[in-house]
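Step one of this worksheet: look at the structure below.
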Amino acid sequence: MTRLSHLTLRNFLIALHDLLATTAALFAAFYLRFEGGEGFFERLPLLFQILPYFLAFSVVVFFVLNLTTTKWRFISLPDALNIIRAATVLTVALLVLDYIFVAPNVRGAFFLGKVTIVLYWFLEISFLSALRMAYRYFRYTRVRRHARTDDAAPTLLIGRAADAEVLLRGIESGAIKRIWPVGVLSPSLADRGQFIRNLPVLGGIDDVEDVIADFAKRNKPIARLVMTPSAFEPEARPESILMRARKLGVIVNRMPSLESGDTPRLTAVAVEDLLLRPSEKIDYLRLETLIRGKAVIVTGGGGSIGSEICERVVAFGAARLLIVENSEPALYAVTEALAAHAAAQIEGRIADIRDRERIMRLMAEFKPDMVFHAAALKHVPILERDWSEGVKTNIFGSMNVADAALAAGAEAMVMISTDKAIEPVSMLGLTKRFAEMYCQALDRDLAAASGGAKPPMRLISVRFGNVLASNGSVVPKFKAQIEAGGPVTVTHPDMVRYFMTIREACDLVITAATHALGAQHSDVSVYVLNMGQPVKIVDLAERMIRLSGLQPGYDIDIVFTGMRPGERLHEILFASEEPTREIGVPGIMAAQPNEPPMQTLRKWIAALEQAIARDDRATIRTILKDAVPEFGSTAA
């Protein structure tokens, strides 16, 4: 579809306005230059002859420079620059017309003259801008008038000027409703005493109590604080902001980072927002290039990680998405949540990855380009009790998905692994490590069979630690315990874990896939996400209690329950015998484990199948110990 095919009546009216403005500017320049005397009327006949051709040329200039297709409601500096460019092009055209064509060939003297042309440039800019700016101001005042209604909450914005300006634009455009900003509190000294879109910066973040008290004295009580992304940086002390706001009885909202692709809407501030390290810079264009137009399958698509991957691949332009899930409620929930994305063809199917024939058939019918394998059993204590179930799902289920993806002609399979697979001490880590080994062996065989050419499919594993607010995460558990009045249960005072957000984890998983599919990266099959600094679980519990307005040990007790089977105090990101390397992608590193050949793996797999059939736990453990000798080597 061309730009011309999208033109509407509004665009033709804009073009008509610009033609009238150009005509008025040209005649006004002549009138002012020649003062309405004989010189003006003498030139009118030739001017009328030139005018149709000049206006036709101006229509093209306006369209090429986007003046015809820009919405006046959002007119801004780039549009003003386009007006200046258009006026300059038309002025140069008049100059060429006068000096090259008219003067030597028609009149024998200059028709327009330098003064007329200079006057025209200024008048053209003014006439093209006037009505646009007037309309922009009209819409601006109308939105502000609507915003300042009885249900609009007087609001303080927290954060640097650049973030506050984005939020103010959202309010002015009507994207953010029902708040009335009265001032900004900025952590930057350079912002103090300044105005941002006519809104004063009233002080620093530490001045929040004084500013709120001052407004209360003037009978203009502040009802809401809005924290922008810069307010969550460590130096801004977001924890302190939230605690002060709760003490003052003020509602607190946050505005998401626009880099993440979120719309500029306000959401509640969650405890998770205050636990985050600075996010890695994600190259969203890179992800969109990989996913756009592709057919994607996500196994375990109803889980925390799987559902986020589904949402992201749809956001990045996947043409078709098949969600494979063995939980009917979870499948229904994720398909309903994604139903609004009409651009992608979304389908959900009930299936268990243990059912090899079912998975083979589904993938053969769908013919995916990419498979994201998030289905797994992940709860450490449960898998310590039910070993065989973990082996059936995490090992044999992963093998089924890998084999089915290869048979269906997929370009890549990405398995979601865990940091617990590194020198594992739990059945979760052990089964995930074995699944990694199978995918690596198959990936290596495919690369060898291709003889240096691009292999038919890449199989990679991506390891990361705990995800905030995921199913089974400690954060929702602590929230529920605090709401119930305590106690908050922590397994060990020295327990440490890595945390990251679901969104960042899933974006980095897709980023790892873009690296693996690069022409020069066929030797990397295990990726590890940068989880930042580890978090001490007892400190996390105390922080969450304080953020709830309570005192640890006084209002809410913290009880240590002892380490559970399969747990260790400190998670690790790389094995001691596992070389690592930087891959030039922020937030991701490559692991290079030494893996047994597929022939050896097949023997272990056959023995595992027999042991599973007999429910012989001792044999299962022996086989897995042979396959992963480091199992249990760092048990706490």
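If you're wondering about the labels, chains in the structure tokens are A, B, ... by order shown, residues count from 1 in each chain, ligands from 1 in order shown.
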Each segment 455-493 of chain A residue no farther than 8 Å from segment 395-409 of chain A, nearest pair in Å, only C-alpha atoms, as a tab-separated table:
residue	atom	partner	partner_atom	distance
A:Pro456	CA	A:Gly409	CA	7.5
A:Met457	CA	A:Leu406	CA	6.6
A:Leu459	CA	A:Ala402	CA	7.7
Keeping only N, CA, C and O atoms, write those residues as a CSV table (one decimal), in the first residue's frame.
chain,number,residue,atom,x,y,z
A,456,PRO,N,20.5,-27.5,9.5
A,456,PRO,CA,19.0,-27.3,9.3
A,456,PRO,C,18.3,-26.7,10.5
A,456,PRO,O,17.2,-26.1,10.3
A,457,MET,N,18.8,-26.9,11.7
A,457,MET,CA,18.1,-26.4,12.9
A,457,MET,C,19.2,-26.1,14.0
A,457,MET,O,20.1,-26.9,14.1
A,459,LEU,N,19.7,-25.8,18.1
A,459,LEU,CA,19.1,-26.1,19.4
A,459,LEU,C,19.9,-25.5,20.5
A,459,LEU,O,21.1,-25.8,20.6
request  = Could you give me the residues within segment 163-400 of chain A that DSSP places in helix (DSSP H, G or I), as a ChimeraX atom specification?
outcome  = /A:163-173,189-191,205-217,229-232,234-236,238-248,258-260,271-274,284-291,304-315,328-338,356-366,380-385,387-400
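Of the residues under consideration (A:Ser426, A:Thr228, A:Ser327, A:Gln481), A:Gln481 shows the shortest atom-to-atom contact distance to Asp557 of chain A when counting only C-alpha atoms.
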key: All residues 10 Å or closer to Asp369 of chain A, only C-alpha atoms, same chain fewer than 4 positions away omitted, as a PyMOL selection string   = chain A and resi 291+293-297+320+405+408-413+457
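Distance annotation: of A:Ala319, A:Thr70, A:Asp626, A:Val118, the residue with the minimal separation from Thr88 of chain A is A:Val118; atom set is only C-alpha atoms.
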Per-residue DSSP, segment 345-557 of chain A, filtered to strand (DSSP E or B), as a PDB file with N, CA, C and O atoms, in the first residue's frame:
ATOM      1  N   GLN A 345      -2.214 -14.919  14.108  1.00  0.00           N
ATOM      2  CA  GLN A 345      -3.152 -16.040  14.180  1.00  0.00           C
ATOM      3  C   GLN A 345      -2.743 -16.907  15.365  1.00  0.00           C
ATOM      4  O   GLN A 345      -1.702 -17.551  15.350  1.00  0.00           O
ATOM      5  N   ILE A 346      -3.548 -16.895  16.409  1.00  0.00           N
ATOM      6  CA  ILE A 346      -3.197 -17.551  17.671  1.00  0.00           C
ATOM      7  C   ILE A 346      -4.072 -18.776  17.882  1.00  0.00           C
ATOM      8  O   ILE A 346      -5.291 -18.711  17.758  1.00  0.00           O
ATOM      9  N   GLU A 347      -3.422 -19.884  18.214  1.00  0.00           N
ATOM     10  CA  GLU A 347      -4.138 -21.137  18.438  1.00  0.00           C
ATOM     11  C   GLU A 347      -3.583 -21.792  19.694  1.00  0.00           C
ATOM     12  O   GLU A 347      -2.377 -21.768  19.951  1.00  0.00           O
ATOM     13  N   GLY A 348      -4.441 -22.362  20.508  1.00  0.00           N
ATOM     14  CA  GLY A 348      -4.022 -23.073  21.705  1.00  0.00           C
ATOM     15  C   GLY A 348      -4.440 -24.535  21.629  1.00  0.00           C
ATOM     16  O   GLY A 348      -5.554 -24.844  21.212  1.00  0.00           O
ATOM     17  N   ARG A 349      -3.526 -25.430  22.022  1.00  0.00           N
ATOM     18  CA  ARG A 349      -3.836 -26.865  21.973  1.00  0.00           C
ATOM     19  C   ARG A 349      -3.439 -27.521  23.289  1.00  0.00           C
ATOM     20  O   ARG A 349      -2.359 -27.274  23.829  1.00  0.00           O
ATOM     21  N   ILE A 350      -4.359 -28.349  23.799  1.00  0.00           N
ATOM     22  CA  ILE A 350      -4.068 -29.165  24.981  1.00  0.00           C
ATOM     23  C   ILE A 350      -3.153 -30.306  24.559  1.00  0.00           C
ATOM     24  O   ILE A 350      -3.484 -31.063  23.645  1.00  0.00           O
ATOM     25  N   MET A 370      10.068 -21.442  14.613  1.00  0.00           N
ATOM     26  CA  MET A 370      10.797 -21.421  15.878  1.00  0.00           C
ATOM     27  C   MET A 370       9.962 -22.084  16.959  1.00  0.00           C
ATOM     28  O   MET A 370       8.732 -21.973  16.956  1.00  0.00           O
ATOM     29  N   VAL A 371      10.656 -22.778  17.868  1.00  0.00           N
ATOM     30  CA  VAL A 371       9.995 -23.424  18.999  1.00  0.00           C
ATOM     31  C   VAL A 371      10.667 -22.936  20.277  1.00  0.00           C
ATOM     32  O   VAL A 371      11.894 -23.032  20.421  1.00  0.00           O
ATOM     33  N   PHE A 372       9.880 -22.387  21.189  1.00  0.00           N
ATOM     34  CA  PHE A 372      10.358 -22.012  22.516  1.00  0.00           C
ATOM     35  C   PHE A 372       9.800 -23.033  23.505  1.00  0.00           C
ATOM     36  O   PHE A 372       8.578 -23.142  23.682  1.00  0.00           O
ATOM     37  N   HIS A 373      10.708 -23.784  24.124  1.00  0.00           N
ATOM     38  CA  HIS A 373      10.308 -24.898  24.991  1.00  0.00           C
ATOM     39  C   HIS A 373      10.389 -24.464  26.453  1.00  0.00           C
ATOM     40  O   HIS A 373      11.444 -24.465  27.073  1.00  0.00           O
ATOM     41  N   ALA A 412      14.829 -23.194  14.619  1.00  0.00           N
ATOM     42  CA  ALA A 412      15.521 -23.205  15.913  1.00  0.00           C
ATOM     43  C   ALA A 412      14.584 -23.698  16.995  1.00  0.00           C
ATOM     44  O   ALA A 412      13.368 -23.505  16.925  1.00  0.00           O
ATOM     45  N   MET A 413      15.180 -24.337  18.003  1.00  0.00           N
ATOM     46  CA  MET A 413      14.462 -24.662  19.235  1.00  0.00           C
ATOM     47  C   MET A 413      15.240 -24.043  20.387  1.00  0.00           C
ATOM     48  O   MET A 413      16.455 -24.220  20.503  1.00  0.00           O
ATOM     49  N   VAL A 414      14.532 -23.308  21.231  1.00  0.00           N
ATOM     50  CA  VAL A 414      15.141 -22.643  22.382  1.00  0.00           C
ATOM     51  C   VAL A 414      14.550 -23.266  23.641  1.00  0.00           C
ATOM     52  O   VAL A 414      13.348 -23.157  23.877  1.00  0.00           O
ATOM     53  N   MET A 415      15.386 -23.913  24.437  1.00  0.00           N
ATOM     54  CA  MET A 415      14.913 -24.529  25.678  1.00  0.00           C
ATOM     55  C   MET A 415      15.193 -23.603  26.854  1.00  0.00           C
ATOM     56  O   MET A 415      16.307 -23.117  27.026  1.00  0.00           O
ATOM     57  N   ILE A 416      14.169 -23.356  27.652  1.00  0.00           N
ATOM     58  CA  ILE A 416      14.327 -22.566  28.873  1.00  0.00           C
ATOM     59  C   ILE A 416      14.926 -23.474  29.935  1.00  0.00           C
ATOM     60  O   ILE A 416      14.300 -24.446  30.353  1.00  0.00           O
ATOM     61  N   ARG A 458      18.993 -25.068  14.741  1.00  0.00           N
ATOM     62  CA  ARG A 458      19.807 -24.811  15.924  1.00  0.00           C
ATOM     63  C   ARG A 458      19.014 -25.197  17.157  1.00  0.00           C
ATOM     64  O   ARG A 458      17.822 -24.931  17.253  1.00  0.00           O
ATOM     65  N   LEU A 459      19.690 -25.827  18.125  1.00  0.00           N
ATOM     66  CA  LEU A 459      19.092 -26.145  19.418  1.00  0.00           C
ATOM     67  C   LEU A 459      19.936 -25.469  20.483  1.00  0.00           C
ATOM     68  O   LEU A 459      21.138 -25.756  20.605  1.00  0.00           O
ATOM     69  N   ILE A 460      19.336 -24.576  21.243  1.00  0.00           N
ATOM     70  CA  ILE A 460      20.074 -23.861  22.285  1.00  0.00           C
ATOM     71  C   ILE A 460      19.317 -23.933  23.601  1.00  0.00           C
ATOM     72  O   ILE A 460      18.096 -24.161  23.629  1.00  0.00           O
ATOM     73  N   SER A 461      20.063 -23.766  24.681  1.00  0.00           N
ATOM     74  CA  SER A 461      19.476 -23.702  26.024  1.00  0.00           C
ATOM     75  C   SER A 461      19.853 -22.363  26.639  1.00  0.00           C
ATOM     76  O   SER A 461      20.977 -21.890  26.459  1.00  0.00           O
ATOM     77  N   VAL A 462      18.920 -21.760  27.340  1.00  0.00           N
ATOM     78  CA  VAL A 462      19.156 -20.465  27.998  1.00  0.00           C
ATOM     79  C   VAL A 462      18.899 -20.633  29.489  1.00  0.00           C
ATOM     80  O   VAL A 462      17.793 -20.989  29.898  1.00  0.00           O
ATOM     81  N   ARG A 463      19.944 -20.388  30.283  1.00  0.00           N
ATOM     82  CA  ARG A 463      19.832 -20.541  31.741  1.00  0.00           C
ATOM     83  C   ARG A 463      19.618 -19.187  32.411  1.00  0.00           C
ATOM     84  O   ARG A 463      20.271 -18.213  32.055  1.00  0.00           O
ATOM     85  N   ASN A 466      15.858 -17.042  39.329  1.00  0.00           N
ATOM     86  CA  ASN A 466      14.479 -16.812  39.732  1.00  0.00           C
ATOM     87  C   ASN A 466      13.890 -15.593  39.026  1.00  0.00           C
ATOM     88  O   ASN A 466      14.573 -14.603  38.797  1.00  0.00           O
ATOM     89  N   VAL A 467      12.609 -15.702  38.721  1.00  0.00           N
ATOM     90  CA  VAL A 467      11.904 -14.634  38.031  1.00  0.00           C
ATOM     91  C   VAL A 467      10.886 -14.034  38.978  1.00  0.00           C
ATOM     92  O   VAL A 467      10.084 -14.743  39.585  1.00  0.00           O
ATOM     93  N   VAL A 488       6.556 -14.537  58.240  1.00  0.00           N
ATOM     94  CA  VAL A 488       7.194 -14.744  56.943  1.00  0.00           C
ATOM     95  C   VAL A 488       8.236 -15.836  57.120  1.00  0.00           C
ATOM     96  O   VAL A 488       9.081 -15.749  58.018  1.00  0.00           O
ATOM     97  N   THR A 489       8.173 -16.864  56.281  1.00  0.00           N
ATOM     98  CA  THR A 489       9.059 -18.020  56.437  1.00  0.00           C
ATOM     99  C   THR A 489      10.211 -17.961  55.436  1.00  0.00           C
ATOM    100  O   THR A 489      10.005 -17.799  54.232  1.00  0.00           O
ATOM    101  N   VAL A 490      11.422 -18.075  55.971  1.00  0.00           N
ATOM    102  CA  VAL A 490      12.648 -18.112  55.165  1.00  0.00           C
ATOM    103  C   VAL A 490      13.383 -19.393  55.542  1.00  0.00           C
ATOM    104  O   VAL A 490      13.455 -19.748  56.723  1.00  0.00           O
ATOM    105  N   VAL A 496      20.716 -17.158  49.407  1.00  0.00           N
ATOM    106  CA  VAL A 496      20.905 -16.097  48.418  1.00  0.00           C
ATOM    107  C   VAL A 496      20.375 -16.573  47.069  1.00  0.00           C
ATOM    108  O   VAL A 496      20.550 -17.732  46.691  1.00  0.00           O
ATOM    109  N   ARG A 497      19.704 -15.665  46.338  1.00  0.00           N
ATOM    110  CA  ARG A 497      19.184 -16.015  45.013  1.00  0.00           C
ATOM    111  C   ARG A 497      19.361 -14.822  44.067  1.00  0.00           C
ATOM    112  O   ARG A 497      19.450 -13.668  44.479  1.00  0.00           O
ATOM    113  N   PHE A 499      17.605 -12.629  40.920  1.00  0.00           N
ATOM    114  CA  PHE A 499      16.252 -12.287  40.474  1.00  0.00           C
ATOM    115  C   PHE A 499      16.310 -11.403  39.231  1.00  0.00           C
ATOM    116  O   PHE A 499      17.220 -10.604  39.058  1.00  0.00           O
ATOM    117  N   MET A 500      15.313 -11.561  38.369  1.00  0.00           N
ATOM    118  CA  MET A 500      15.110 -10.623  37.265  1.00  0.00           C
ATOM    119  C   MET A 500      13.632 -10.632  36.902  1.00  0.00           C
ATOM    120  O   MET A 500      12.875 -11.500  37.345  1.00  0.00           O
ATOM    121  N   VAL A 526      24.730 -23.074  24.649  1.00  0.00           N
ATOM    122  CA  VAL A 526      24.239 -22.809  26.001  1.00  0.00           C
ATOM    123  C   VAL A 526      24.523 -21.345  26.336  1.00  0.00           C
ATOM    124  O   VAL A 526      25.669 -20.889  26.256  1.00  0.00           O
ATOM    125  N   TYR A 527      23.460 -20.618  26.659  1.00  0.00           N
ATOM    126  CA  TYR A 527      23.573 -19.198  26.994  1.00  0.00           C
ATOM    127  C   TYR A 527      23.161 -18.996  28.451  1.00  0.00           C
ATOM    128  O   TYR A 527      22.277 -19.697  28.961  1.00  0.00           O
ATOM    129  N   VAL A 528      23.804 -18.038  29.105  1.00  0.00           N
ATOM    130  CA  VAL A 528      23.507 -17.733  30.506  1.00  0.00           C
ATOM    131  C   VAL A 528      23.201 -16.246  30.612  1.00  0.00           C
ATOM    132  O   VAL A 528      23.987 -15.408  30.157  1.00  0.00           O
ATOM    133  N   LEU A 529      22.050 -15.918  31.188  1.00  0.00           N
ATOM    134  CA  LEU A 529      21.665 -14.512  31.336  1.00  0.00           C
ATOM    135  C   LEU A 529      22.368 -13.887  32.527  1.00  0.00           C
ATOM    136  O   LEU A 529      22.572 -14.533  33.561  1.00  0.00           O
ATOM    137  N   VAL A 535      20.543 -11.597  45.666  1.00  0.00           N
ATOM    138  CA  VAL A 535      19.744 -10.973  46.726  1.00  0.00           C
ATOM    139  C   VAL A 535      19.637 -11.952  47.893  1.00  0.00           C
ATOM    140  O   VAL A 535      19.293 -13.125  47.703  1.00  0.00           O
ATOM    141  N   LYS A 536      19.934 -11.478  49.090  1.00  0.00           N
ATOM    142  CA  LYS A 536      19.790 -12.301  50.289  1.00  0.00           C
ATOM    143  C   LYS A 536      18.311 -12.388  50.645  1.00  0.00           C
ATOM    144  O   LYS A 536      17.639 -11.363  50.799  1.00  0.00           O
ATOM    145  N   PRO A 552       9.759  -5.435  60.841  1.00  0.00           N
ATOM    146  CA  PRO A 552      10.175  -6.839  61.000  1.00  0.00           C
ATOM    147  C   PRO A 552      10.507  -7.140  62.454  1.00  0.00           C
ATOM    148  O   PRO A 552      11.152  -6.347  63.146  1.00  0.00           O
ATOM    149  N   ILE A 556       5.633  -8.166  62.221  1.00  0.00           N
ATOM    150  CA  ILE A 556       5.679  -9.422  61.468  1.00  0.00           C
ATOM    151  C   ILE A 556       6.967 -10.148  61.828  1.00  0.00           C
ATOM    152  O   ILE A 556       8.065  -9.593  61.694  1.00  0.00           O
TER     153      ILE A 556
END
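The environment of Trp72 of chain A within 9 Å, counting only C-alpha atoms and disregarding residues fewer than 4 places along the same chain, consists of Ser76, Arg132, Met133, Tyr135 and Arg136 of chain A.
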inquiry  = Neighbouring residues of Leu338 of chain A were defined as those with any atom within 9 Å, considering only C-alpha atoms; residues of the same chain fewer than 4 positions away were excluded. Please report them as a ChimeraX atom specification.
reply    = /A:310-311,314,333-334,342,346
Store the residues picked out above, limited to N, CA and C atoms, as a short mmCIF file (atom, residue, chain, number, x, y, z; two decimals), in the first residue's frame.
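Heads up, here's the output in result_33.cif:
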data_model
loop_
_atom_site.label_atom_id
_atom_site.label_comp_id
_atom_site.auth_asym_id
_atom_site.auth_seq_id
_atom_site.Cartn_x
_atom_site.Cartn_y
_atom_site.Cartn_z
N CYS A 310 4.91 -15.84 24.80
CA CYS A 310 3.80 -15.72 23.84
C CYS A 310 3.48 -14.25 23.58
N GLU A 311 3.38 -13.49 24.64
CA GLU A 311 3.04 -12.07 24.49
C GLU A 311 4.12 -11.32 23.71
N VAL A 314 4.20 -12.22 19.89
CA VAL A 314 3.09 -11.55 19.21
C VAL A 314 3.40 -10.07 19.05
N ALA A 333 -6.65 -19.07 29.78
CA ALA A 333 -6.28 -17.73 30.24
C ALA A 333 -5.33 -17.05 29.26
N VAL A 334 -4.32 -17.76 28.79
CA VAL A 334 -3.34 -17.11 27.91
C VAL A 334 -3.92 -16.83 26.54
N ALA A 342 -5.07 -9.09 16.99
CA ALA A 342 -5.67 -9.62 15.77
C ALA A 342 -4.65 -9.84 14.66
N ILE A 346 -3.55 -16.90 16.41
CA ILE A 346 -3.20 -17.55 17.67
C ILE A 346 -4.07 -18.78 17.88
#
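The shell of residues at most 9 Å from segment 42-58 of chain A, with only C-alpha atoms counted and near chain neighbours (fewer than 6 positions) removed, consists of A:Asp18, A:Leu19, A:Thr22, A:Thr23, A:Phe27, A:Phe30, A:Ala86, A:Val89, A:Leu90, A:Ala93, A:Leu94, A:Phe111, A:Leu112.
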